[in-house]
Amino acid sequence: MTSTTPAAARPTVATVYGYPRQGQNRELKKSVEGYWKGRTTADALRDTARELRRTNWRQLADAGITEVPTGDFSYYDHVLDTSVMVGAVPERHRAAVEADPLDGYFAMARGTQDVAPLEMTKWFDTNYHYLVPELGPDTVFTADSTKQVAELKEALRLGHTARPVLVGPVTYLLLAKPAPGVAADFDPLALLDRLLPVYAQVLADLRAAGAGWVQLDEPALVQDRTPAELNATARAYRELGGSTDRPELLVASYFDRLGEALPVLAKAPVEGLALDFTEAAAGNLDDLAAVGGLPGKRLVAGVVSGRNIWINDYEKSLSTLGTLLGLADRVDVAASCSLLHVPLDATAERDIDPQVRRWLAFARQKTAEVATLARGLARGTDAIAAELAANRADLASRAGSALTHDPAVRARTAAVTDADGRRAQPYERRAAAQRAHLGLPLLPTTTIGSFPQTTELRTARADLRAGRIDTAGYEDRIEAEIREVLAFQEKAGIDVLVHGEPERNDMVQYFAEQLTGYLATQHGWVQSYGTRYVRPPVLAGDISRPDPMTVRWTTYAQSQTSKPVKGMLTGPVTMLAWSFVRDDQPLGDTARQVALALRDEVGDLEAAGTSVIQVDEPALRETLPLRAADHAAYLAWATESFRLTTGGVRPDTQIHTHMCYAEFGDIVAAIEDLDADVISLEAARSHMQVAGELAGAGYPREVGPGVWDIHSPRIPSVTEATALLRKGLGAIPAERLWVNPDCGLKTRGWPETKASLENLVEAARQVRAEF
């Protein structure tokens, strides 16, 4: 956009769809966990939440956001909040919710010793986890807009122009699954006509409370949808839009192009659409032109990435916005999706070089970008001339930096051949060699890698950073922890041990801090699920491994026991997916660089005597593109990078991988293409569903479907673990079945860890005896 004249007389609205919930110092996490432990009252928790919401709205308004979102705040998960809003409380949790709504809410999220929680899985292709609604033919929906109305009124009382944000009814049903005991082929979308009156009531309540606009998020519509699902969408918005007792409706989509659903929504009787116009949704601009634009409607243009942390290219975004002015009567500016997926404030990162920090935009910086672009769109580029000049300089600085281009790394990557990514022998011959080498029993037991990260361990790391202890003192503490973890595992009877990862802060950050090309943050917390927050590192440049990263501690652990100790690495796809990855080259090129660095580590582990090496890829499924047409290209480079990591080991070295909390049925072929010898997967909450999926696809290798849901504080009984194990055996033969938890044990306490693993081993013994 080169014009210096205003685009419109009406002020352009700057807005976002959601904001990080945790607070500058993760106040929400601390308050919620304090409540769970009885140290914080419910009233104190509500006070903390209220203050966090007010702080968020104030920050947004101060940045120039003229329409703030409400309803995006959550104690645990916004999809769970939607289930409460529509009365979709599972029968097993109804008594708890009726007795105490707050405790019942957390019981649905976390479970209790006697009642299982809702299943948890990834929110589209992000690393955020949502609680999966459980629905059936007998589900009765009832409207409860208490939370949504209260938060709207709160914002209005503070003088903000506010827009409530709700998960849309079609997406809500498409995200749901059949409740326990309901036929697996039940389609929750069949409940749409039953759900729509409840949404209509919530919309009426919000209108009565002062809402001028309400946003209904429909990200599920960016996926491939059937004609029946598109017809249901048309029906849903025909009914909701046809009501007279409602606010104006803004239907939002993000993460990809809207595709076949765009003409459906363009024709719907709603007042506005919000679309993603970042690289992730390439095609929306052309598709919008193809349907004739949105005459008479409001268009909210998501031109600032809500998922990655690189600064916006102002000139490119203004060009897009200028084109959109010819396609809608009203164009407003937004981030592409909720800012829930990025950290709060880049200015807090004092350890990052100031010039590099200027390349970064976290939530607070993104709100400023949105406001700047809105001002430029409304008033012309002269109004933002200084910002445009600074933006050009920052973009040029990044493009020309030595950090982003290492000739040696690029030369090595270019020399990779197909043979580098293939094991020397086929799986059948490797399996025989591994059985002879390892001598494991039927139904071998193991864990996924990490053991509880105690206060003492975190204190030791803090003491080392602060200089209160030296390296020798720190290593003594780590060695003592490893010995304790090994001693417990041996006493419990676990077959393949782990060293427990006491030296690691996070499964991605730990490696990122030892690889060139990565930047670590100190305050870049992002919500993964509930009160679990992570600090994704920033993958800023070309990647290499200066020195071994895990050999020191793995070989020490192996020296303390005669049982095999697994080496533990995070795979290349997950290193990308759980980082803020560079956007200036294809993802496959970056994955190949990371894979070569990890290949060096695998080789060093094997040379040091490690016979079992686990390369975790929990993000393989979550990073799968949302459109089927894009799957093949992604899976080609994703599986290649894993094989490149592991392809150089001997036949008798056993390669494990691990995945968790995702729908695996549509990537079974890709899982086989990884060529791992053993895969462990989340299975407890989904009642061994994945075992059946693998068996149905003819998966020929060893599998460890989890029998302990480690994301719940429950301790599974021997009977429960045995029942799950037998269910797994109904799909996977005993000679190919492992026994393990769903995931790592980092977030669990020692008492529940010991009890649960002892029950797990006893279950394996009992079932093993039957053979």
# chains A, B, ... in the order shown; residues from 1 in each chain; ligands from 1
>>> select_by_dssp(residues="segment 52-293 of chain A", states="alpha helix (DSSP H)", output="PyMOL selection string")
chain A and resi 52-63+78-85+91-99+101-110+146-157+169-175+192-208+227-242+261-267+284-290
>>> write_last_selection(atoms="C-alpha atoms", output="compact mmCIF listing (two decimals), in the first residue's frame")
# COMPACT_ATOMS: atom_id res chain seq x y z
CA LEU A 52 -5.66 -10.66 35.41
CA ARG A 53 -8.60 -9.92 33.12
CA ARG A 54 -8.51 -6.25 34.02
CA THR A 55 -4.77 -6.09 33.44
CA ASN A 56 -5.16 -7.75 30.05
CA TRP A 57 -7.89 -5.35 28.93
CA ARG A 58 -5.89 -2.37 30.16
CA GLN A 59 -2.79 -3.53 28.25
CA LEU A 60 -4.84 -4.03 25.11
CA ALA A 61 -6.48 -0.62 25.36
CA ASP A 62 -3.16 1.10 26.10
CA ALA A 63 -1.68 -0.52 22.98
CA HIS A 78 -12.06 -22.54 26.82
CA VAL A 79 -13.58 -25.67 25.25
CA LEU A 80 -14.35 -26.99 28.73
CA ASP A 81 -15.90 -23.58 29.46
CA THR A 82 -18.10 -24.09 26.39
CA SER A 83 -19.22 -27.49 27.67
CA VAL A 84 -20.27 -25.80 30.90
CA MET A 85 -22.00 -23.02 28.95
CA GLU A 91 -23.02 -37.95 33.87
CA ARG A 92 -20.12 -39.12 36.05
CA HIS A 93 -19.28 -35.49 36.92
CA ARG A 94 -22.80 -34.11 37.42
CA ALA A 95 -22.94 -34.65 41.17
CA ALA A 96 -19.60 -32.91 41.67
CA VAL A 97 -20.60 -29.96 39.49
CA GLU A 98 -23.93 -29.59 41.29
CA ALA A 99 -22.24 -29.77 44.70
CA PRO A 101 -19.31 -25.83 40.30
CA LEU A 102 -15.65 -24.84 40.63
CA ASP A 103 -14.48 -28.15 42.07
CA GLY A 104 -16.66 -30.00 39.58
CA TYR A 105 -15.10 -28.00 36.75
CA PHE A 106 -11.62 -29.02 37.83
CA ALA A 107 -12.74 -32.62 38.30
CA MET A 108 -13.83 -32.72 34.65
CA ALA A 109 -10.38 -31.41 33.69
CA ARG A 110 -8.18 -33.48 35.99
CA THR A 146 -23.11 -16.88 33.69
CA LYS A 147 -19.39 -16.70 32.93
CA GLN A 148 -19.78 -15.07 29.54
CA VAL A 149 -22.20 -12.40 30.76
CA ALA A 150 -20.21 -11.64 33.91
CA GLU A 151 -16.95 -11.08 32.02
CA LEU A 152 -18.67 -8.90 29.42
CA LYS A 153 -20.22 -6.72 32.13
CA GLU A 154 -16.86 -6.53 33.87
CA ALA A 155 -15.22 -5.10 30.72
CA LEU A 156 -18.08 -2.72 30.01
CA ARG A 157 -17.97 -1.34 33.56
CA PRO A 169 -21.61 -24.47 17.62
CA VAL A 170 -20.36 -26.33 14.54
CA THR A 171 -16.75 -26.44 15.73
CA TYR A 172 -17.87 -27.48 19.21
CA LEU A 173 -19.71 -30.50 17.85
CA LEU A 174 -16.97 -31.39 15.38
CA LEU A 175 -14.45 -31.41 18.23
CA LEU A 192 -26.85 -29.49 16.08
CA ASP A 193 -30.58 -28.75 16.04
CA ARG A 194 -30.69 -29.49 19.76
CA LEU A 195 -27.70 -27.22 20.45
CA LEU A 196 -28.67 -24.16 18.39
CA PRO A 197 -31.49 -22.95 20.70
CA VAL A 198 -28.99 -22.99 23.57
CA TYR A 199 -26.58 -20.81 21.59
CA ALA A 200 -29.47 -18.54 20.67
CA GLN A 201 -30.26 -18.13 24.37
CA VAL A 202 -26.63 -17.31 25.20
CA LEU A 203 -26.55 -14.74 22.41
CA ALA A 204 -29.76 -13.18 23.72
CA ASP A 205 -28.27 -13.05 27.22
CA LEU A 206 -25.15 -11.32 25.92
CA ARG A 207 -27.21 -8.82 23.94
CA ALA A 208 -29.20 -8.01 27.06
CA PRO A 227 -21.16 -31.58 2.01
CA ALA A 228 -23.27 -32.65 4.99
CA GLU A 229 -21.07 -30.67 7.38
CA LEU A 230 -21.19 -27.62 5.14
CA ASN A 231 -24.98 -27.91 4.94
CA ALA A 232 -25.10 -28.12 8.73
CA THR A 233 -23.00 -24.94 8.90
CA ALA A 234 -25.37 -23.14 6.58
CA ARG A 235 -28.32 -24.29 8.67
CA ALA A 236 -26.65 -23.24 11.92
CA TYR A 237 -25.99 -19.69 10.81
CA ARG A 238 -29.27 -19.36 9.01
CA GLU A 239 -30.99 -20.11 12.33
CA LEU A 240 -28.70 -18.05 14.57
CA GLY A 241 -28.55 -15.19 12.11
CA GLY A 242 -32.32 -15.23 11.64
CA ALA A 261 -16.90 -23.05 3.82
CA LEU A 262 -16.20 -19.48 2.65
CA PRO A 263 -19.15 -19.17 0.24
CA VAL A 264 -21.38 -20.79 2.86
CA LEU A 265 -20.51 -18.16 5.46
CA ALA A 266 -20.41 -15.33 2.93
CA LYS A 267 -24.08 -16.03 2.17
CA ASN A 284 -8.08 -16.81 1.56
CA LEU A 285 -7.45 -13.58 -0.36
CA ASP A 286 -8.03 -15.16 -3.77
CA ASP A 287 -10.96 -17.20 -2.46
CA LEU A 288 -12.59 -14.08 -1.08
CA ALA A 289 -12.26 -12.33 -4.42
CA ALA A 290 -13.67 -15.40 -6.17
>>> residues_around(residues="segment 701-703 of chain A", least_positions_apart="4", cutoff="9 Å", atoms="only C-alpha atoms", output="VMD selection string")
chain A and resid 427 to 428 431 672 675 to 681 691 694 732 735 to 739
>>> residues_around(residues="Pro733 of chain A", least_positions_apart="6", cutoff="12 Å", atoms="only C-alpha atoms", output="tab-separated table (two decimals) with all heavy atoms, in the first residue's frame")
chain	number	residue	atom	x	y	z
A	442	LEU	N	8.71	-61.09	28.17
A	442	LEU	CA	7.46	-60.76	27.51
A	442	LEU	C	6.81	-59.59	28.23
A	442	LEU	O	6.92	-59.46	29.45
A	442	LEU	CB	6.54	-61.98	27.56
A	442	LEU	CG	5.35	-62.04	26.60
A	442	LEU	CD1	5.84	-62.15	25.16
A	442	LEU	CD2	4.46	-63.21	26.97
A	443	LEU	N	6.14	-58.72	27.49
A	443	LEU	CA	5.50	-57.53	28.06
A	443	LEU	C	6.50	-56.71	28.89
A	443	LEU	O	6.31	-56.46	30.08
A	443	LEU	CB	4.29	-57.91	28.93
A	443	LEU	CG	3.21	-58.73	28.24
A	443	LEU	CD1	2.11	-59.11	29.25
A	443	LEU	CD2	2.60	-57.97	27.07
A	691	ALA	N	-4.49	-48.64	20.06
A	691	ALA	CA	-4.03	-50.01	19.82
A	691	ALA	C	-4.86	-50.65	18.71
A	691	ALA	O	-4.34	-51.32	17.81
A	691	ALA	CB	-4.13	-50.84	21.09
A	692	GLY	N	-6.16	-50.43	18.75
A	692	GLY	CA	-7.03	-50.95	17.71
A	692	GLY	C	-6.75	-50.31	16.36
A	692	GLY	O	-6.80	-50.98	15.32
A	694	LEU	N	-3.86	-49.11	15.30
A	694	LEU	CA	-2.62	-49.65	14.76
A	694	LEU	C	-2.82	-51.07	14.25
A	694	LEU	O	-2.32	-51.45	13.18
A	694	LEU	CB	-1.53	-49.62	15.84
A	694	LEU	CG	-1.02	-48.24	16.26
A	694	LEU	CD1	-0.04	-48.36	17.42
A	694	LEU	CD2	-0.36	-47.52	15.10
A	695	ALA	N	-3.55	-51.86	15.03
A	695	ALA	CA	-3.80	-53.25	14.61
A	695	ALA	C	-4.61	-53.28	13.33
A	695	ALA	O	-4.33	-54.07	12.41
A	695	ALA	CB	-4.53	-54.01	15.71
A	698	GLY	N	-2.59	-52.85	10.38
A	698	GLY	CA	-1.54	-53.84	10.17
A	698	GLY	C	-0.16	-53.38	10.61
A	698	GLY	O	0.85	-53.85	10.08
A	699	TYR	N	-0.08	-52.51	11.60
A	699	TYR	CA	1.22	-52.03	12.08
A	699	TYR	C	2.04	-53.20	12.61
A	699	TYR	O	1.58	-53.92	13.49
A	699	TYR	CB	1.03	-50.97	13.16
A	699	TYR	CG	2.32	-50.32	13.60
A	699	TYR	CD1	2.96	-49.39	12.79
A	699	TYR	CD2	2.90	-50.63	14.83
A	699	TYR	CE1	4.15	-48.78	13.19
A	699	TYR	CE2	4.08	-50.02	15.23
A	699	TYR	CZ	4.70	-49.11	14.40
A	699	TYR	OH	5.88	-48.51	14.80
A	700	PRO	N	3.27	-53.41	12.10
A	700	PRO	CA	3.97	-54.66	12.39
A	700	PRO	C	5.01	-54.60	13.51
A	700	PRO	O	5.67	-55.60	13.77
A	700	PRO	CB	4.68	-54.93	11.05
A	700	PRO	CG	5.05	-53.55	10.57
A	700	PRO	CD	3.95	-52.64	11.03
A	701	ARG	N	5.17	-53.47	14.17
A	701	ARG	CA	6.28	-53.33	15.11
A	701	ARG	C	5.80	-53.33	16.55
A	701	ARG	O	4.62	-53.49	16.84
A	701	ARG	CB	7.07	-52.07	14.77
A	701	ARG	CG	7.62	-52.14	13.35
A	701	ARG	CD	7.94	-50.75	12.81
A	701	ARG	NE	7.97	-50.80	11.36
A	701	ARG	CZ	9.07	-50.69	10.62
A	701	ARG	NH1	10.23	-50.51	11.21
A	701	ARG	NH2	9.00	-50.75	9.32
A	702	GLU	N	6.73	-53.12	17.47
A	702	GLU	CA	6.38	-53.18	18.89
A	702	GLU	C	5.72	-51.87	19.33
A	702	GLU	O	6.08	-50.79	18.87
A	702	GLU	CB	7.63	-53.50	19.71
A	702	GLU	CG	8.21	-54.86	19.36
A	702	GLU	CD	9.50	-55.18	20.11
A	702	GLU	OE1	9.57	-54.89	21.31
A	702	GLU	OE2	10.43	-55.73	19.48
A	703	VAL	N	4.77	-52.01	20.27
A	703	VAL	CA	3.93	-50.89	20.66
A	703	VAL	C	3.77	-50.87	22.18
A	703	VAL	O	3.56	-51.92	22.80
A	703	VAL	CB	2.53	-50.98	20.01
A	703	VAL	CG1	1.67	-49.78	20.41
A	703	VAL	CG2	2.64	-51.09	18.50
A	704	GLY	N	3.83	-49.67	22.76
A	704	GLY	CA	3.56	-49.50	24.18
A	704	GLY	C	2.42	-48.53	24.40
A	704	GLY	O	2.66	-47.34	24.68
A	725	LEU	N	-4.34	-53.30	29.97
A	725	LEU	CA	-3.33	-54.13	29.31
A	725	LEU	C	-3.98	-55.27	28.53
A	725	LEU	O	-3.61	-55.56	27.39
A	725	LEU	CB	-2.38	-54.67	30.37
A	725	LEU	CG	-1.16	-55.46	29.90
A	725	LEU	CD1	-0.39	-54.71	28.83
A	725	LEU	CD2	-0.26	-55.78	31.10
A	726	ARG	N	-4.97	-55.89	29.12
A	726	ARG	CA	-5.66	-56.98	28.41
A	726	ARG	C	-6.40	-56.44	27.18
A	726	ARG	O	-6.47	-57.11	26.15
A	726	ARG	CB	-6.65	-57.67	29.36
A	726	ARG	CG	-5.95	-58.52	30.43
A	726	ARG	CD	-6.93	-59.50	31.07
A	726	ARG	NE	-6.26	-60.34	32.04
A	726	ARG	CZ	-6.32	-60.16	33.37
A	726	ARG	NH1	-7.05	-59.17	33.86
A	726	ARG	NH2	-5.67	-60.96	34.18
A	727	LYS	N	-6.92	-55.23	27.29
A	727	LYS	CA	-7.58	-54.63	26.14
A	727	LYS	C	-6.56	-54.39	25.03
A	727	LYS	O	-6.83	-54.61	23.85
A	727	LYS	CB	-8.27	-53.33	26.53
A	727	LYS	CG	-9.21	-52.79	25.46
A	727	LYS	CD	-10.09	-51.68	26.01
A	727	LYS	CE	-11.12	-51.23	24.97
A	727	LYS	NZ	-12.00	-50.18	25.49
A	771	PHE	N	0.69	-66.16	30.24
A	771	PHE	CA	1.28	-66.70	29.03
A	771	PHE	C	2.31	-67.77	29.34
A	771	PHE	O	2.97	-68.27	28.44
A	771	PHE	CB	1.95	-65.57	28.22
A	771	PHE	CG	0.95	-64.63	27.60
A	771	PHE	CD1	0.47	-63.53	28.30
A	771	PHE	CD2	0.48	-64.84	26.32
A	771	PHE	CE1	-0.45	-62.66	27.74
A	771	PHE	CE2	-0.45	-63.98	25.74
A	771	PHE	CZ	-0.91	-62.89	26.45
>>> closest_residue(among="A:Ile543, A:Ala402, A:Arg21, A:Glu33", to="Ala49 of chain A", atoms="only C-alpha atoms")
A:Arg21
>>> atom_distance(atom1="atom CA of Phe362 of chain A", atom2="atom CA of Asp345 of chain A")
5.2 Å
>>> closest_residue(among="A:Ser712, A:Leu635, A:Ile494, A:Val416", to="Ala595 of chain A", atoms="only C-alpha atoms")
A:Val416
>>> closest_residue(among="A:Gly530, A:Gly302, A:Gly293, A:Pro548", to="Val32 of chain A", atoms="only C-alpha atoms")
A:Gly530
>>> residues_around(residues="Met507 of chain A", least_positions_apart="4", cutoff="12 Å", atoms="only C-alpha atoms", output="ChimeraX atom specification")
/A:448-450,500-503,511-513,534-537,550,568-572,574-575,578-579,615-618,744,746
>>> write_last_selection(atoms="N, CA and C atoms", output="CSV table (one decimal), in the first residue's frame")
chain,number,residue,atom,x,y,z
A,448,ILE,N,8.4,-43.4,30.1
A,448,ILE,CA,8.6,-42.6,28.9
A,448,ILE,C,9.9,-41.8,29.0
A,449,GLY,N,10.4,-41.5,30.2
A,449,GLY,CA,11.7,-40.8,30.2
A,449,GLY,C,11.9,-40.0,31.5
A,450,SER,N,11.1,-39.0,31.7
A,450,SER,CA,11.3,-38.1,32.8
A,450,SER,C,10.6,-38.7,34.1
A,500,GLY,N,15.9,-40.5,34.3
A,500,GLY,CA,15.0,-39.6,35.0
A,500,GLY,C,15.0,-38.2,34.6
A,501,GLU,N,16.1,-37.8,33.8
A,501,GLU,CA,16.2,-36.4,33.3
A,501,GLU,C,16.2,-35.3,34.3
A,502,PRO,N,16.9,-35.5,35.5
A,502,PRO,CA,16.9,-34.5,36.5
A,502,PRO,C,17.6,-33.2,36.1
A,503,GLU,N,18.5,-33.3,35.1
A,503,GLU,CA,19.2,-32.1,34.7
A,503,GLU,C,18.5,-31.3,33.6
A,511,PHE,N,17.6,-29.1,24.9
A,511,PHE,CA,18.4,-29.3,23.7
A,511,PHE,C,18.7,-28.0,23.0
A,512,ALA,N,17.7,-27.1,22.9
A,512,ALA,CA,17.8,-25.8,22.3
A,512,ALA,C,19.0,-25.0,22.9
A,513,GLU,N,19.1,-25.1,24.2
A,513,GLU,CA,20.2,-24.3,24.8
A,513,GLU,C,21.6,-24.8,24.5
A,534,VAL,N,4.9,-23.8,29.2
A,534,VAL,CA,6.2,-24.1,28.6
A,534,VAL,C,6.8,-22.9,28.1
A,535,ARG,N,8.1,-22.9,27.9
A,535,ARG,CA,8.8,-21.7,27.3
A,535,ARG,C,9.4,-22.2,26.0
A,536,PRO,N,8.7,-22.1,24.9
A,536,PRO,CA,9.2,-22.6,23.6
A,536,PRO,C,10.5,-21.8,23.3
A,537,PRO,N,11.6,-22.4,22.9
A,537,PRO,CA,12.7,-21.6,22.5
A,537,PRO,C,12.4,-21.1,21.1
A,550,THR,N,23.7,-35.2,25.9
A,550,THR,CA,23.1,-36.2,26.8
A,550,THR,C,24.0,-37.3,27.2
A,568,MET,N,17.7,-40.6,25.9
A,568,MET,CA,16.4,-39.9,25.7
A,568,MET,C,16.7,-38.6,24.9
A,569,LEU,N,16.1,-38.5,23.7
A,569,LEU,CA,16.3,-37.3,22.8
A,569,LEU,C,14.9,-36.8,22.4
A,570,THR,N,14.8,-35.6,22.1
A,570,THR,CA,13.6,-35.0,21.4
A,570,THR,C,13.8,-34.9,19.9
A,571,GLY,N,12.8,-35.5,19.2
A,571,GLY,CA,13.0,-35.6,17.7
A,571,GLY,C,12.9,-34.3,17.0
A,572,PRO,N,13.3,-34.3,15.7
A,572,PRO,CA,13.4,-33.0,15.0
A,572,PRO,C,12.1,-32.3,14.7
A,574,THR,N,9.4,-32.4,16.6
A,574,THR,CA,9.0,-31.8,17.9
A,574,THR,C,9.8,-30.6,18.2
A,575,MET,N,11.1,-30.7,17.9
A,575,MET,CA,12.0,-29.5,18.1
A,575,MET,C,11.5,-28.3,17.4
A,578,TRP,N,7.5,-27.4,18.8
A,578,TRP,CA,7.4,-26.8,20.2
A,578,TRP,C,8.4,-25.7,20.4
A,579,SER,N,8.9,-25.2,19.3
A,579,SER,CA,9.7,-24.0,19.3
A,579,SER,C,8.9,-22.9,18.4
A,615,VAL,N,13.8,-41.5,20.7
A,615,VAL,CA,13.7,-40.2,20.0
A,615,VAL,C,12.2,-39.8,20.0
A,616,ASP,N,11.8,-38.9,20.9
A,616,ASP,CA,10.4,-38.6,21.1
A,616,ASP,C,9.9,-37.7,19.9
A,617,GLU,N,8.7,-38.1,19.4
A,617,GLU,CA,8.1,-37.2,18.4
A,617,GLU,C,6.6,-37.0,18.7
A,618,PRO,N,6.3,-36.5,19.9
A,618,PRO,CA,4.9,-36.3,20.3
A,618,PRO,C,4.2,-35.3,19.4
A,744,GLY,N,5.7,-38.8,30.0
A,744,GLY,CA,6.7,-38.6,31.0
A,744,GLY,C,6.1,-38.2,32.4
A,746,LYS,N,7.4,-36.0,34.7
A,746,LYS,CA,7.9,-34.7,35.2
A,746,LYS,C,7.0,-34.0,36.1
>>> atom_distance(atom1="atom CA of Ala346 of chain A", atom2="atom CA of Leu131 of chain A")
29.5 Å
>>> select_by_dssp(residues="segment 142-204 of chain A", states="strand (DSSP E)", output="list in words")
Ala162, Arg163, Pro164, Val165, Leu166, Val167, Lys177 and Pro178 of chain A
>>> closest_residue(among="A:Thr471, A:Gln766, A:Thr555, A:Thr66", to="Ala374 of chain A", atoms="only C-alpha atoms")
A:Thr66
>>> residues_around(residues="Arg358 of chain A", least_positions_apart="5", cutoff="9 Å", atoms="only C-alpha atoms", output="list in words")
Ile311, Ala346, Asp353 and Asp394 of chain A
>>> atom_distance(atom1="atom CA of Val573 of chain A", atom2="atom CA of Gln355 of chain A")
28.1 Å
>>> residues_around(residues="segment 762-765 of chain A", least_positions_apart="5", cutoff="12 Å", atoms="only C-alpha atoms", output="ChimeraX atom specification")
/A:441-446,492-495,707-708,716-726,728-729,734,737-740,755-757,770-771
>>> closest_residue(among="A:Phe124, A:Pro651, A:Glu479, A:Ile309", to="Ala433 of chain A", atoms="only C-alpha atoms")
A:Pro651
>>> residues_around(residues="Tyr518 of chain A", least_positions_apart="2", cutoff="7 Å", atoms="only C-alpha atoms", output="list of chain:residue names")
A:Ala512, A:Glu513, A:Leu515, A:Thr516, A:Ala520, A:Pro537, A:Val538, A:Leu539, A:Ala540, A:Gly541
